[in-house]
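The structure file run_23.pdb is reproduced below (PDB, N, CA and C atoms).
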```
MODEL        1
ATOM      1  N   MET A  20      30.005  26.794   7.696
ATOM      2  CA  MET A  20      28.802  27.127   8.390
ATOM      3  C   MET A  20      27.568  26.919   7.517
ATOM      4  N   ALA A  21      27.747  26.823   6.230
ATOM      5  CA  ALA A  21      26.614  26.632   5.336
ATOM      6  C   ALA A  21      25.980  25.257   5.513
ATOM      7  N   GLN A  22      26.727  24.296   6.004
ATOM      8  CA  GLN A  22      26.189  22.963   6.200
ATOM      9  C   GLN A  22      25.086  22.957   7.253
ATOM     10  N   ALA A  23      25.147  23.809   8.211
ATOM     11  CA  ALA A  23      24.150  23.848   9.278
ATOM     12  C   ALA A  23      22.804  24.357   8.774
ATOM     13  N   LEU A  24      22.782  25.068   7.666
ATOM     14  CA  LEU A  24      21.548  25.637   7.157
ATOM     15  C   LEU A  24      20.818  24.714   6.201
ATOM     16  N   ARG A  25      21.474  23.723   5.664
ATOM     17  CA  ARG A  25      20.829  22.805   4.724
ATOM     18  C   ARG A  25      20.082  21.709   5.468
ATOM     19  N   PRO A  26      18.863  21.411   5.040
ATOM     20  CA  PRO A  26      18.132  20.318   5.706
ATOM     21  C   PRO A  26      18.733  18.966   5.328
ATOM     22  N   ASN A  27      18.694  18.056   6.270
ATOM     23  CA  ASN A  27      19.209  16.706   6.044
ATOM     24  C   ASN A  27      18.049  15.818   5.607
ATOM     25  N   THR A  28      17.934  15.582   4.303
ATOM     26  CA  THR A  28      16.862  14.729   3.805
ATOM     27  C   THR A  28      17.317  13.302   3.570
ATOM     28  N   ALA A  29      18.612  13.038   3.669
ATOM     29  CA  ALA A  29      19.121  11.697   3.401
ATOM     30  C   ALA A  29      18.668  10.699   4.459
ATOM     31  N   GLY A  30      18.531  11.131   5.705
ATOM     32  CA  GLY A  30      18.142  10.230   6.764
ATOM     33  C   GLY A  30      16.667  10.244   7.072
ATOM     34  N   SER A  31      15.892  11.017   6.338
ATOM     35  CA  SER A  31      14.468  11.147   6.595
ATOM     36  C   SER A  31      13.709   9.918   6.101
ATOM     37  N   LEU A  32      12.665   9.557   6.835
ATOM     38  CA  LEU A  32      11.847   8.423   6.431
ATOM     39  C   LEU A  32      11.125   8.699   5.120
ATOM     40  N   PHE A  33      10.754   9.954   4.909
ATOM     41  CA  PHE A  33      10.031  10.320   3.705
ATOM     42  C   PHE A  33      10.931  11.011   2.695
ATOM     43  N   ALA A  34      12.182  10.603   2.623
ATOM     44  CA  ALA A  34      13.122  11.208   1.695
ATOM     45  C   ALA A  34      12.673  10.989   0.259
ATOM     46  N   THR A  35      12.838  12.006  -0.532
ATOM     47  CA  THR A  35      12.453  11.924  -1.930
ATOM     48  C   THR A  35      13.592  12.452  -2.782
ATOM     49  N   ASP A  36      13.557  12.162  -4.036
ATOM     50  CA  ASP A  36      14.611  12.621  -4.932
ATOM     51  C   ASP A  36      14.262  13.947  -5.590
ATOM     52  N   GLY A  37      13.134  14.551  -5.235
ATOM     53  CA  GLY A  37      12.758  15.844  -5.763
ATOM     54  C   GLY A  37      12.037  15.803  -7.095
ATOM     55  N   ARG A  38      11.818  14.631  -7.637
ATOM     56  CA  ARG A  38      11.115  14.499  -8.917
ATOM     57  C   ARG A  38       9.738  13.893  -8.681
ATOM     58  N   PRO A  39       8.763  14.242  -9.529
ATOM     59  CA  PRO A  39       7.439  13.641  -9.377
ATOM     60  C   PRO A  39       7.416  12.202  -9.891
ATOM     61  N   HIS A  40       6.647  11.370  -9.211
ATOM     62  CA  HIS A  40       6.448   9.969  -9.609
ATOM     63  C   HIS A  40       4.947   9.701  -9.602
ATOM     64  N   PRO A  41       4.225  10.142 -10.632
ATOM     65  CA  PRO A  41       2.755  10.018 -10.586
ATOM     66  C   PRO A  41       2.255   8.581 -10.595
ATOM     67  N   VAL A  42       2.899   7.690 -11.319
ATOM     68  CA  VAL A  42       2.440   6.293 -11.368
ATOM     69  C   VAL A  42       2.649   5.628 -10.009
ATOM     70  N   GLN A  43       3.812   5.822  -9.429
ATOM     71  CA  GLN A  43       4.105   5.219  -8.136
ATOM     72  C   GLN A  43       3.210   5.790  -7.033
ATOM     73  N   ASP A  44       2.964   7.100  -7.087
ATOM     74  CA  ASP A  44       2.077   7.714  -6.087
ATOM     75  C   ASP A  44       0.642   7.220  -6.237
ATOM     76  N   ALA A  45       0.200   7.035  -7.468
ATOM     77  CA  ALA A  45      -1.156   6.515  -7.689
ATOM     78  C   ALA A  45      -1.279   5.083  -7.182
ATOM     79  N   LEU A  46      -0.272   4.255  -7.449
ATOM     80  CA  LEU A  46      -0.297   2.876  -6.953
ATOM     81  C   LEU A  46      -0.274   2.841  -5.435
ATOM     82  N   MET A  47       0.481   3.757  -4.820
ATOM     83  CA  MET A  47       0.524   3.804  -3.363
ATOM     84  C   MET A  47      -0.845   4.188  -2.811
ATOM     85  N   ALA A  48      -1.491   5.188  -3.406
ATOM     86  CA  ALA A  48      -2.801   5.617  -2.926
ATOM     87  C   ALA A  48      -3.848   4.524  -3.112
ATOM     88  N   VAL A  49      -3.841   3.861  -4.259
ATOM     89  CA  VAL A  49      -4.798   2.779  -4.518
ATOM     90  C   VAL A  49      -4.586   1.628  -3.541
ATOM     91  N   THR A  50      -3.325   1.277  -3.304
ATOM     92  CA  THR A  50      -3.024   0.182  -2.376
ATOM     93  C   THR A  50      -3.475   0.526  -0.963
ATOM     94  N   LEU A  51      -3.241   1.760  -0.539
ATOM     95  CA  LEU A  51      -3.674   2.163   0.802
ATOM     96  C   LEU A  51      -5.200   2.134   0.934
ATOM     97  N   VAL A  52      -5.900   2.641  -0.067
ATOM     98  CA  VAL A  52      -7.372   2.648  -0.014
ATOM     99  C   VAL A  52      -7.916   1.224  -0.016
ATOM    100  N   LEU A  53      -7.393   0.386  -0.904
ATOM    101  CA  LEU A  53      -7.850  -1.011  -0.942
ATOM    102  C   LEU A  53      -7.530  -1.736   0.363
ATOM    103  N   GLY A  54      -6.382  -1.450   0.939
ATOM    104  CA  GLY A  54      -6.015  -2.073   2.203
ATOM    105  C   GLY A  54      -6.949  -1.684   3.331
ATOM    106  N   VAL A  55      -7.284  -0.400   3.407
ATOM    107  CA  VAL A  55      -8.196   0.065   4.459
ATOM    108  C   VAL A  55      -9.587  -0.544   4.270
ATOM    109  N   VAL A  56     -10.089  -0.534   3.037
ATOM    110  CA  VAL A  56     -11.408  -1.115   2.766
ATOM    111  C   VAL A  56     -11.416  -2.606   3.094
ATOM    112  N   SER A  57     -10.383  -3.301   2.669
ATOM    113  CA  SER A  57     -10.305  -4.740   2.907
ATOM    114  C   SER A  57     -10.238  -5.051   4.398
ATOM    115  N   PHE A  58      -9.429  -4.299   5.126
ATOM    116  CA  PHE A  58      -9.269  -4.565   6.557
ATOM    117  C   PHE A  58     -10.558  -4.265   7.323
ATOM    118  N   ILE A  59     -11.215  -3.165   6.988
ATOM    119  CA  ILE A  59     -12.438  -2.800   7.708
ATOM    120  C   ILE A  59     -13.569  -3.771   7.387
ATOM    121  N   THR A  60     -13.733  -4.129   6.114
ATOM    122  CA  THR A  60     -14.822  -5.045   5.768
ATOM    123  C   THR A  60     -14.550  -6.467   6.229
ATOM    124  N   ALA A  61     -13.305  -6.796   6.535
ATOM    125  CA  ALA A  61     -12.989  -8.141   7.022
ATOM    126  C   ALA A  61     -13.541  -8.368   8.432
ATOM    127  N   GLN A  62     -13.913  -7.313   9.116
ATOM    128  CA  GLN A  62     -14.440  -7.447  10.468
ATOM    129  C   GLN A  62     -15.887  -7.941  10.480
ATOM    130  N   PHE A  63     -16.517  -7.992   9.305
ATOM    131  CA  PHE A  63     -17.912  -8.415   9.189
ATOM    132  C   PHE A  63     -17.982  -9.676   8.337
ATOM    133  N   HIS A  64     -18.571 -10.737   8.875
ATOM    134  CA  HIS A  64     -18.635 -12.017   8.167
ATOM    135  C   HIS A  64     -19.386 -11.918   6.849
ATOM    136  N   SER A  65     -20.421 -11.104   6.800
ATOM    137  CA  SER A  65     -21.247 -11.033   5.596
ATOM    138  C   SER A  65     -20.576 -10.277   4.445
ATOM    139  N   LEU A  66     -19.482  -9.575   4.713
ATOM    140  CA  LEU A  66     -18.785  -8.813   3.676
ATOM    141  C   LEU A  66     -17.504  -9.502   3.212
ATOM    142  N   HIS A  67     -17.456 -10.831   3.310
ATOM    143  CA  HIS A  67     -16.234 -11.546   2.981
ATOM    144  C   HIS A  67     -15.878 -11.447   1.501
ATOM    145  N   LEU A  68     -16.874 -11.329   0.618
ATOM    146  CA  LEU A  68     -16.572 -11.185  -0.810
ATOM    147  C   LEU A  68     -15.830  -9.876  -1.079
ATOM    148  N   LEU A  69     -16.341  -8.784  -0.537
ATOM    149  CA  LEU A  69     -15.694  -7.486  -0.717
ATOM    150  C   LEU A  69     -14.309  -7.482  -0.080
ATOM    151  N   SER A  70     -14.201  -8.042   1.092
ATOM    152  CA  SER A  70     -12.933  -8.069   1.803
ATOM    153  C   SER A  70     -11.877  -8.880   1.065
ATOM    154  N   SER A  71     -12.243 -10.053   0.612
ATOM    155  CA  SER A  71     -11.260 -10.906  -0.045
ATOM    156  C   SER A  71     -10.845 -10.357  -1.406
ATOM    157  N   TRP A  72     -11.786  -9.815  -2.182
ATOM    158  CA  TRP A  72     -11.423  -9.282  -3.500
ATOM    159  C   TRP A  72     -10.623  -7.998  -3.406
ATOM    160  N   THR A  73     -11.014  -7.083  -2.513
ATOM    161  CA  THR A  73     -10.219  -5.859  -2.369
ATOM    162  C   THR A  73      -8.843  -6.173  -1.796
ATOM    163  N   GLY A  74      -8.764  -7.160  -0.914
ATOM    164  CA  GLY A  74      -7.458  -7.571  -0.401
ATOM    165  C   GLY A  74      -6.568  -8.154  -1.484
ATOM    166  N   LEU A  75      -7.141  -8.983  -2.338
ATOM    167  CA  LEU A  75      -6.361  -9.589  -3.419
ATOM    168  C   LEU A  75      -5.866  -8.535  -4.408
ATOM    169  N   VAL A  76      -6.742  -7.621  -4.803
ATOM    170  CA  VAL A  76      -6.334  -6.555  -5.723
ATOM    171  C   VAL A  76      -5.322  -5.628  -5.053
ATOM    172  N   GLY A  77      -5.485  -5.363  -3.762
ATOM    173  CA  GLY A  77      -4.522  -4.551  -3.026
ATOM    174  C   GLY A  77      -3.158  -5.199  -2.952
ATOM    175  N   ILE A  78      -3.127  -6.504  -2.779
ATOM    176  CA  ILE A  78      -1.844  -7.221  -2.747
ATOM    177  C   ILE A  78      -1.156  -7.137  -4.113
ATOM    178  N   ILE A  79      -1.933  -7.294  -5.177
ATOM    179  CA  ILE A  79      -1.351  -7.253  -6.528
ATOM    180  C   ILE A  79      -0.834  -5.851  -6.854
ATOM    181  N   THR A  80      -1.639  -4.805  -6.583
ATOM    182  CA  THR A  80      -1.180  -3.451  -6.876
ATOM    183  C   THR A  80      -0.010  -3.050  -5.986
ATOM    184  N   GLY A  81      -0.027  -3.490  -4.743
ATOM    185  CA  GLY A  81       1.089  -3.186  -3.846
ATOM    186  C   GLY A  81       2.372  -3.868  -4.260
ATOM    187  N   ALA A  82       2.267  -5.094  -4.721
ATOM    188  CA  ALA A  82       3.461  -5.811  -5.172
ATOM    189  C   ALA A  82       4.054  -5.153  -6.413
ATOM    190  N   TYR A  83       3.203  -4.750  -7.345
ATOM    191  CA  TYR A  83       3.704  -4.068  -8.540
ATOM    192  C   TYR A  83       4.278  -2.702  -8.174
ATOM    193  N   GLY A  84       3.629  -2.014  -7.243
ATOM    194  CA  GLY A  84       4.149  -0.731  -6.778
ATOM    195  C   GLY A  84       5.505  -0.867  -6.115
ATOM    196  N   GLN A  85       5.696  -1.931  -5.340
ATOM    197  CA  GLN A  85       7.011  -2.179  -4.730
ATOM    198  C   GLN A  85       8.066  -2.425  -5.798
ATOM    199  N   TRP A  86       7.677  -3.090  -6.842
ATOM    200  CA  TRP A  86       8.615  -3.425  -7.910
ATOM    201  C   TRP A  86       9.119  -2.179  -8.626
ATOM    202  N   ILE A  87       8.226  -1.174  -8.820
ATOM    203  CA  ILE A  87       8.631   0.003  -9.571
ATOM    204  C   ILE A  87       8.874   1.226  -8.686
ATOM    205  N   SER A  88       8.764   1.107  -7.373
ATOM    206  CA  SER A  88       8.934   2.265  -6.496
ATOM    207  C   SER A  88      10.380   2.756  -6.527
ATOM    208  N   GLU A  89      10.521   4.069  -6.285
ATOM    209  CA  GLU A  89      11.841   4.677  -6.357
ATOM    210  C   GLU A  89      12.263   5.373  -5.077
ATOM    211  N   THR A  90      11.334   5.686  -4.183
ATOM    212  CA  THR A  90      11.693   6.396  -2.963
ATOM    213  C   THR A  90      11.203   5.638  -1.732
ATOM    214  N   THR A  91      11.768   5.997  -0.610
ATOM    215  CA  THR A  91      11.388   5.381   0.657
ATOM    216  C   THR A  91       9.951   5.733   1.023
ATOM    217  N   ARG A  92       9.521   6.948   0.696
ATOM    218  CA  ARG A  92       8.151   7.372   0.993
ATOM    219  C   ARG A  92       7.143   6.468   0.301
ATOM    220  N   GLU A  93       7.404   6.140  -0.941
ATOM    221  CA  GLU A  93       6.503   5.250  -1.681
ATOM    222  C   GLU A  93       6.498   3.855  -1.070
ATOM    223  N   ARG A  94       7.664   3.352  -0.742
ATOM    224  CA  ARG A  94       7.752   2.001  -0.178
ATOM    225  C   ARG A  94       7.076   1.911   1.176
ATOM    226  N   PHE A  95       7.182   2.970   1.971
ATOM    227  CA  PHE A  95       6.558   2.981   3.291
ATOM    228  C   PHE A  95       5.040   2.881   3.172
ATOM    229  N   GLY A  96       4.443   3.707   2.307
ATOM    230  CA  GLY A  96       2.999   3.653   2.100
ATOM    231  C   GLY A  96       2.544   2.334   1.510
ATOM    232  N   LEU A  97       3.342   1.799   0.590
ATOM    233  CA  LEU A  97       2.989   0.518  -0.029
ATOM    234  C   LEU A  97       3.021  -0.623   0.986
ATOM    235  N   ILE A  98       3.981  -0.610   1.883
ATOM    236  CA  ILE A  98       4.055  -1.669   2.897
ATOM    237  C   ILE A  98       2.855  -1.593   3.837
ATOM    238  N   LEU A  99       2.445  -0.386   4.214
ATOM    239  CA  LEU A  99       1.250  -0.261   5.056
ATOM    240  C   LEU A  99       0.014  -0.794   4.333
ATOM    241  N   GLY A 100      -0.134  -0.417   3.073
ATOM    242  CA  GLY A 100      -1.271  -0.902   2.291
ATOM    243  C   GLY A 100      -1.226  -2.398   2.064
ATOM    244  N   LEU A 101      -0.032  -2.930   1.815
ATOM    245  CA  LEU A 101       0.111  -4.378   1.622
ATOM    246  C   LEU A 101      -0.243  -5.144   2.888
ATOM    247  N   GLY A 102       0.179  -4.642   4.028
ATOM    248  CA  GLY A 102      -0.147  -5.308   5.291
ATOM    249  C   GLY A 102      -1.638  -5.332   5.558
ATOM    250  N   ALA A 103      -2.291  -4.198   5.356
ATOM    251  CA  ALA A 103      -3.741  -4.134   5.569
ATOM    252  C   ALA A 103      -4.477  -4.995   4.541
ATOM    253  N   SER A 104      -4.012  -4.975   3.290
ATOM    254  CA  SER A 104      -4.644  -5.808   2.257
ATOM    255  C   SER A 104      -4.476  -7.286   2.572
ATOM    256  N   GLY A 105      -3.292  -7.665   3.024
ATOM    257  CA  GLY A 105      -3.050  -9.064   3.355
ATOM    258  C   GLY A 105      -3.923  -9.538   4.503
ATOM    259  N   LEU A 106      -4.014  -8.727   5.550
ATOM    260  CA  LEU A 106      -4.869  -9.112   6.675
ATOM    261  C   LEU A 106      -6.336  -9.205   6.245
ATOM    262  N   GLY A 107      -6.792  -8.221   5.479
ATOM    263  CA  GLY A 107      -8.175  -8.252   5.003
ATOM    264  C   GLY A 107      -8.432  -9.434   4.087
ATOM    265  N   PHE A 108      -7.472  -9.737   3.226
ATOM    266  CA  PHE A 108      -7.619 -10.869   2.316
ATOM    267  C   PHE A 108      -7.715 -12.185   3.079
ATOM    268  N   PHE A 109      -6.812 -12.407   4.017
ATOM    269  CA  PHE A 109      -6.817 -13.669   4.752
ATOM    270  C   PHE A 109      -8.038 -13.805   5.652
ATOM    271  N   LEU A 110      -8.476 -12.721   6.260
ATOM    272  CA  LEU A 110      -9.697 -12.807   7.073
ATOM    273  C   LEU A 110     -10.921 -13.027   6.185
ATOM    274  N   GLY A 111     -10.938 -12.394   5.019
ATOM    275  CA  GLY A 111     -12.041 -12.620   4.083
ATOM    276  C   GLY A 111     -12.065 -14.057   3.595
ATOM    277  N   MET A 112     -10.894 -14.632   3.366
ATOM    278  CA  MET A 112     -10.822 -16.044   2.958
ATOM    279  C   MET A 112     -11.299 -16.952   4.077
ATOM    280  N   ALA A 113     -10.983 -16.606   5.305
ATOM    281  CA  ALA A 113     -11.420 -17.421   6.438
ATOM    282  C   ALA A 113     -12.927 -17.334   6.654
ATOM    283  N   HIS A 114     -13.526 -16.223   6.256
ATOM    284  CA  HIS A 114     -14.971 -16.045   6.458
ATOM    285  C   HIS A 114     -15.813 -16.594   5.309
ATOM    286  N   GLY A 115     -15.190 -16.992   4.222
ATOM    287  CA  GLY A 115     -16.006 -17.535   3.139
ATOM    288  C   GLY A 115     -15.336 -17.550   1.785
ATOM    289  N   GLY A 116     -14.295 -16.780   1.610
ATOM    290  CA  GLY A 116     -13.535 -16.854   0.378
ATOM    291  C   GLY A 116     -13.966 -15.908  -0.711
ATOM    292  N   LEU A 117     -13.364 -16.104  -1.874
ATOM    293  CA  LEU A 117     -13.562 -15.226  -3.019
ATOM    294  C   LEU A 117     -14.905 -15.423  -3.715
ATOM    295  N   PHE A 118     -15.452 -16.605  -3.643
ATOM    296  CA  PHE A 118     -16.673 -16.898  -4.389
ATOM    297  C   PHE A 118     -17.851 -17.279  -3.502
ATOM    298  N   GLY A 119     -17.692 -17.132  -2.208
ATOM    299  CA  GLY A 119     -18.829 -17.307  -1.325
ATOM    300  C   GLY A 119     -18.969 -18.666  -0.769
TER     301      GLY A 119
ENDMDL
END
```

Output the file's structure in the form of structure tokens.
Amino acid sequence: MAQALRPNTAGSLFATDGRPHPVQDALMAVTLVLGVVSFITAQFHSLHLLSSWTGLVGIITGAYGQWISETTRERFGLILGLGASGLGFFLGMAHGGLFG
């Protein structure tokens, strides 16, 4: 009967191993912020420099974060940030590129 009282974290999307991962969490937060900034600024033609550079840096930090990530929670956030960074980067490139 004790099995019914324990939470099932193995199947959870945000499963963690119970240990802190400050570097991975910081990379996830940076990637998410850069992705959001890149995606939002990509909607404006005049902000293509900001969009393309934040997208490029977001892709690089997200890729490194994926390489060193240890939990599903980290990978989930990194994939969201990578997707937004990629879209912002490509739209920024289409609007004028990295150097104007």

Report the residues retrieved by the PyMOL selection byres ((chain A and resi 111) around 6.5) from the displayed file, expressed as a list in words.
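Taken on the displayed file, the PyMOL selection byres ((chain A and resi 111) around 6.5) yields the residues Ala61, Leu66, His67, Leu68, Ser70, Ser71, Leu106, Gly107, Phe108, Phe109, Leu110, Met112, Ala113, His114, Gly115, Gly116 and Leu117 of chain A.
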
Name the residues of chain A that fall into alpha helix (DSSP H) according to DSSP on the backbone, using the chain letters and numbers of this document, as a tab-separated table (two decimals) with N, CA and C atoms, in the coordinates of the input.
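See states-v1.tsv below for the written result:
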```
chain	number	residue	atom	x	y	z
A	41	PRO	N	4.22	10.14	-10.63
A	41	PRO	CA	2.76	10.02	-10.59
A	41	PRO	C	2.26	8.58	-10.60
A	42	VAL	N	2.90	7.69	-11.32
A	42	VAL	CA	2.44	6.29	-11.37
A	42	VAL	C	2.65	5.63	-10.01
A	43	GLN	N	3.81	5.82	-9.43
A	43	GLN	CA	4.11	5.22	-8.14
A	43	GLN	C	3.21	5.79	-7.03
A	44	ASP	N	2.96	7.10	-7.09
A	44	ASP	CA	2.08	7.71	-6.09
A	44	ASP	C	0.64	7.22	-6.24
A	45	ALA	N	0.20	7.04	-7.47
A	45	ALA	CA	-1.16	6.52	-7.69
A	45	ALA	C	-1.28	5.08	-7.18
A	46	LEU	N	-0.27	4.26	-7.45
A	46	LEU	CA	-0.30	2.88	-6.95
A	46	LEU	C	-0.27	2.84	-5.44
A	47	MET	N	0.48	3.76	-4.82
A	47	MET	CA	0.52	3.80	-3.36
A	47	MET	C	-0.84	4.19	-2.81
A	48	ALA	N	-1.49	5.19	-3.41
A	48	ALA	CA	-2.80	5.62	-2.93
A	48	ALA	C	-3.85	4.52	-3.11
A	49	VAL	N	-3.84	3.86	-4.26
A	49	VAL	CA	-4.80	2.78	-4.52
A	49	VAL	C	-4.59	1.63	-3.54
A	50	THR	N	-3.32	1.28	-3.30
A	50	THR	CA	-3.02	0.18	-2.38
A	50	THR	C	-3.48	0.53	-0.96
A	51	LEU	N	-3.24	1.76	-0.54
A	51	LEU	CA	-3.67	2.16	0.80
A	51	LEU	C	-5.20	2.13	0.93
A	52	VAL	N	-5.90	2.64	-0.07
A	52	VAL	CA	-7.37	2.65	-0.01
A	52	VAL	C	-7.92	1.22	-0.02
A	53	LEU	N	-7.39	0.39	-0.90
A	53	LEU	CA	-7.85	-1.01	-0.94
A	53	LEU	C	-7.53	-1.74	0.36
A	54	GLY	N	-6.38	-1.45	0.94
A	54	GLY	CA	-6.02	-2.07	2.20
A	54	GLY	C	-6.95	-1.68	3.33
A	55	VAL	N	-7.28	-0.40	3.41
A	55	VAL	CA	-8.20	0.06	4.46
A	55	VAL	C	-9.59	-0.54	4.27
A	56	VAL	N	-10.09	-0.53	3.04
A	56	VAL	CA	-11.41	-1.12	2.77
A	56	VAL	C	-11.42	-2.61	3.09
A	57	SER	N	-10.38	-3.30	2.67
A	57	SER	CA	-10.30	-4.74	2.91
A	57	SER	C	-10.24	-5.05	4.40
A	58	PHE	N	-9.43	-4.30	5.13
A	58	PHE	CA	-9.27	-4.57	6.56
A	58	PHE	C	-10.56	-4.26	7.32
A	59	ILE	N	-11.22	-3.16	6.99
A	59	ILE	CA	-12.44	-2.80	7.71
A	59	ILE	C	-13.57	-3.77	7.39
A	60	THR	N	-13.73	-4.13	6.11
A	60	THR	CA	-14.82	-5.04	5.77
A	60	THR	C	-14.55	-6.47	6.23
A	67	HIS	N	-17.46	-10.83	3.31
A	67	HIS	CA	-16.23	-11.55	2.98
A	67	HIS	C	-15.88	-11.45	1.50
A	68	LEU	N	-16.87	-11.33	0.62
A	68	LEU	CA	-16.57	-11.18	-0.81
A	68	LEU	C	-15.83	-9.88	-1.08
A	69	LEU	N	-16.34	-8.78	-0.54
A	69	LEU	CA	-15.69	-7.49	-0.72
A	69	LEU	C	-14.31	-7.48	-0.08
A	70	SER	N	-14.20	-8.04	1.09
A	70	SER	CA	-12.93	-8.07	1.80
A	70	SER	C	-11.88	-8.88	1.06
A	71	SER	N	-12.24	-10.05	0.61
A	71	SER	CA	-11.26	-10.91	-0.04
A	71	SER	C	-10.84	-10.36	-1.41
A	72	TRP	N	-11.79	-9.82	-2.18
A	72	TRP	CA	-11.42	-9.28	-3.50
A	72	TRP	C	-10.62	-8.00	-3.41
A	73	THR	N	-11.01	-7.08	-2.51
A	73	THR	CA	-10.22	-5.86	-2.37
A	73	THR	C	-8.84	-6.17	-1.80
A	74	GLY	N	-8.76	-7.16	-0.91
A	74	GLY	CA	-7.46	-7.57	-0.40
A	74	GLY	C	-6.57	-8.15	-1.48
A	75	LEU	N	-7.14	-8.98	-2.34
A	75	LEU	CA	-6.36	-9.59	-3.42
A	75	LEU	C	-5.87	-8.54	-4.41
A	76	VAL	N	-6.74	-7.62	-4.80
A	76	VAL	CA	-6.33	-6.56	-5.72
A	76	VAL	C	-5.32	-5.63	-5.05
A	77	GLY	N	-5.48	-5.36	-3.76
A	77	GLY	CA	-4.52	-4.55	-3.03
A	77	GLY	C	-3.16	-5.20	-2.95
A	78	ILE	N	-3.13	-6.50	-2.78
A	78	ILE	CA	-1.84	-7.22	-2.75
A	78	ILE	C	-1.16	-7.14	-4.11
A	79	ILE	N	-1.93	-7.29	-5.18
A	79	ILE	CA	-1.35	-7.25	-6.53
A	79	ILE	C	-0.83	-5.85	-6.85
A	80	THR	N	-1.64	-4.80	-6.58
A	80	THR	CA	-1.18	-3.45	-6.88
A	80	THR	C	-0.01	-3.05	-5.99
A	81	GLY	N	-0.03	-3.49	-4.74
A	81	GLY	CA	1.09	-3.19	-3.85
A	81	GLY	C	2.37	-3.87	-4.26
A	82	ALA	N	2.27	-5.09	-4.72
A	82	ALA	CA	3.46	-5.81	-5.17
A	82	ALA	C	4.05	-5.15	-6.41
A	83	TYR	N	3.20	-4.75	-7.34
A	83	TYR	CA	3.70	-4.07	-8.54
A	83	TYR	C	4.28	-2.70	-8.17
A	84	GLY	N	3.63	-2.01	-7.24
A	84	GLY	CA	4.15	-0.73	-6.78
A	84	GLY	C	5.50	-0.87	-6.12
A	85	GLN	N	5.70	-1.93	-5.34
A	85	GLN	CA	7.01	-2.18	-4.73
A	85	GLN	C	8.07	-2.42	-5.80
A	86	TRP	N	7.68	-3.09	-6.84
A	86	TRP	CA	8.62	-3.42	-7.91
A	86	TRP	C	9.12	-2.18	-8.63
A	87	ILE	N	8.23	-1.17	-8.82
A	87	ILE	CA	8.63	0.00	-9.57
A	87	ILE	C	8.87	1.23	-8.69
A	91	THR	N	11.77	6.00	-0.61
A	91	THR	CA	11.39	5.38	0.66
A	91	THR	C	9.95	5.73	1.02
A	92	ARG	N	9.52	6.95	0.70
A	92	ARG	CA	8.15	7.37	0.99
A	92	ARG	C	7.14	6.47	0.30
A	93	GLU	N	7.40	6.14	-0.94
A	93	GLU	CA	6.50	5.25	-1.68
A	93	GLU	C	6.50	3.86	-1.07
A	94	ARG	N	7.66	3.35	-0.74
A	94	ARG	CA	7.75	2.00	-0.18
A	94	ARG	C	7.08	1.91	1.18
A	95	PHE	N	7.18	2.97	1.97
A	95	PHE	CA	6.56	2.98	3.29
A	95	PHE	C	5.04	2.88	3.17
A	96	GLY	N	4.44	3.71	2.31
A	96	GLY	CA	3.00	3.65	2.10
A	96	GLY	C	2.54	2.33	1.51
A	97	LEU	N	3.34	1.80	0.59
A	97	LEU	CA	2.99	0.52	-0.03
A	97	LEU	C	3.02	-0.62	0.99
A	98	ILE	N	3.98	-0.61	1.88
A	98	ILE	CA	4.06	-1.67	2.90
A	98	ILE	C	2.86	-1.59	3.84
A	99	LEU	N	2.44	-0.39	4.21
A	99	LEU	CA	1.25	-0.26	5.06
A	99	LEU	C	0.01	-0.79	4.33
A	100	GLY	N	-0.13	-0.42	3.07
A	100	GLY	CA	-1.27	-0.90	2.29
A	100	GLY	C	-1.23	-2.40	2.06
A	101	LEU	N	-0.03	-2.93	1.82
A	101	LEU	CA	0.11	-4.38	1.62
A	101	LEU	C	-0.24	-5.14	2.89
A	102	GLY	N	0.18	-4.64	4.03
A	102	GLY	CA	-0.15	-5.31	5.29
A	102	GLY	C	-1.64	-5.33	5.56
A	103	ALA	N	-2.29	-4.20	5.36
A	103	ALA	CA	-3.74	-4.13	5.57
A	103	ALA	C	-4.48	-5.00	4.54
A	104	SER	N	-4.01	-4.97	3.29
A	104	SER	CA	-4.64	-5.81	2.26
A	104	SER	C	-4.48	-7.29	2.57
A	105	GLY	N	-3.29	-7.66	3.02
A	105	GLY	CA	-3.05	-9.06	3.36
A	105	GLY	C	-3.92	-9.54	4.50
A	106	LEU	N	-4.01	-8.73	5.55
A	106	LEU	CA	-4.87	-9.11	6.68
A	106	LEU	C	-6.34	-9.20	6.24
A	107	GLY	N	-6.79	-8.22	5.48
A	107	GLY	CA	-8.18	-8.25	5.00
A	107	GLY	C	-8.43	-9.43	4.09
A	108	PHE	N	-7.47	-9.74	3.23
A	108	PHE	CA	-7.62	-10.87	2.32
A	108	PHE	C	-7.72	-12.18	3.08
A	109	PHE	N	-6.81	-12.41	4.02
A	109	PHE	CA	-6.82	-13.67	4.75
A	109	PHE	C	-8.04	-13.80	5.65
A	110	LEU	N	-8.48	-12.72	6.26
A	110	LEU	CA	-9.70	-12.81	7.07
A	110	LEU	C	-10.92	-13.03	6.18
A	111	GLY	N	-10.94	-12.39	5.02
A	111	GLY	CA	-12.04	-12.62	4.08
A	111	GLY	C	-12.06	-14.06	3.60
A	112	MET	N	-10.89	-14.63	3.37
A	112	MET	CA	-10.82	-16.04	2.96
A	112	MET	C	-11.30	-16.95	4.08
A	113	ALA	N	-10.98	-16.61	5.30
A	113	ALA	CA	-11.42	-17.42	6.44
A	113	ALA	C	-12.93	-17.33	6.65
A	114	HIS	N	-13.53	-16.22	6.26
A	114	HIS	CA	-14.97	-16.05	6.46
A	114	HIS	C	-15.81	-16.59	5.31
```

Atom-to-atom span, atom C of A:Gly81 and atom C of A:Leu97, Å
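Between atom C of A:Gly81 and atom C of A:Leu97 the gap is 6.2 Å.
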
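Close contacts of A:Leu101, defined as residues with an atom at most 7 Å away when counting only C-alpha atoms, with chain neighbours fewer than 4 positions off set aside, comprise Thr50, Gly54, Gly77, Ile78, Gly81, Leu97 and Gly105 of chain A.
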
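With all atoms listed in the file as the basis for measurement, A:Gly84 is the residue among A:Gly74, A:Thr90, A:Leu69, A:Gly84 that approaches A:Leu46 most closely.
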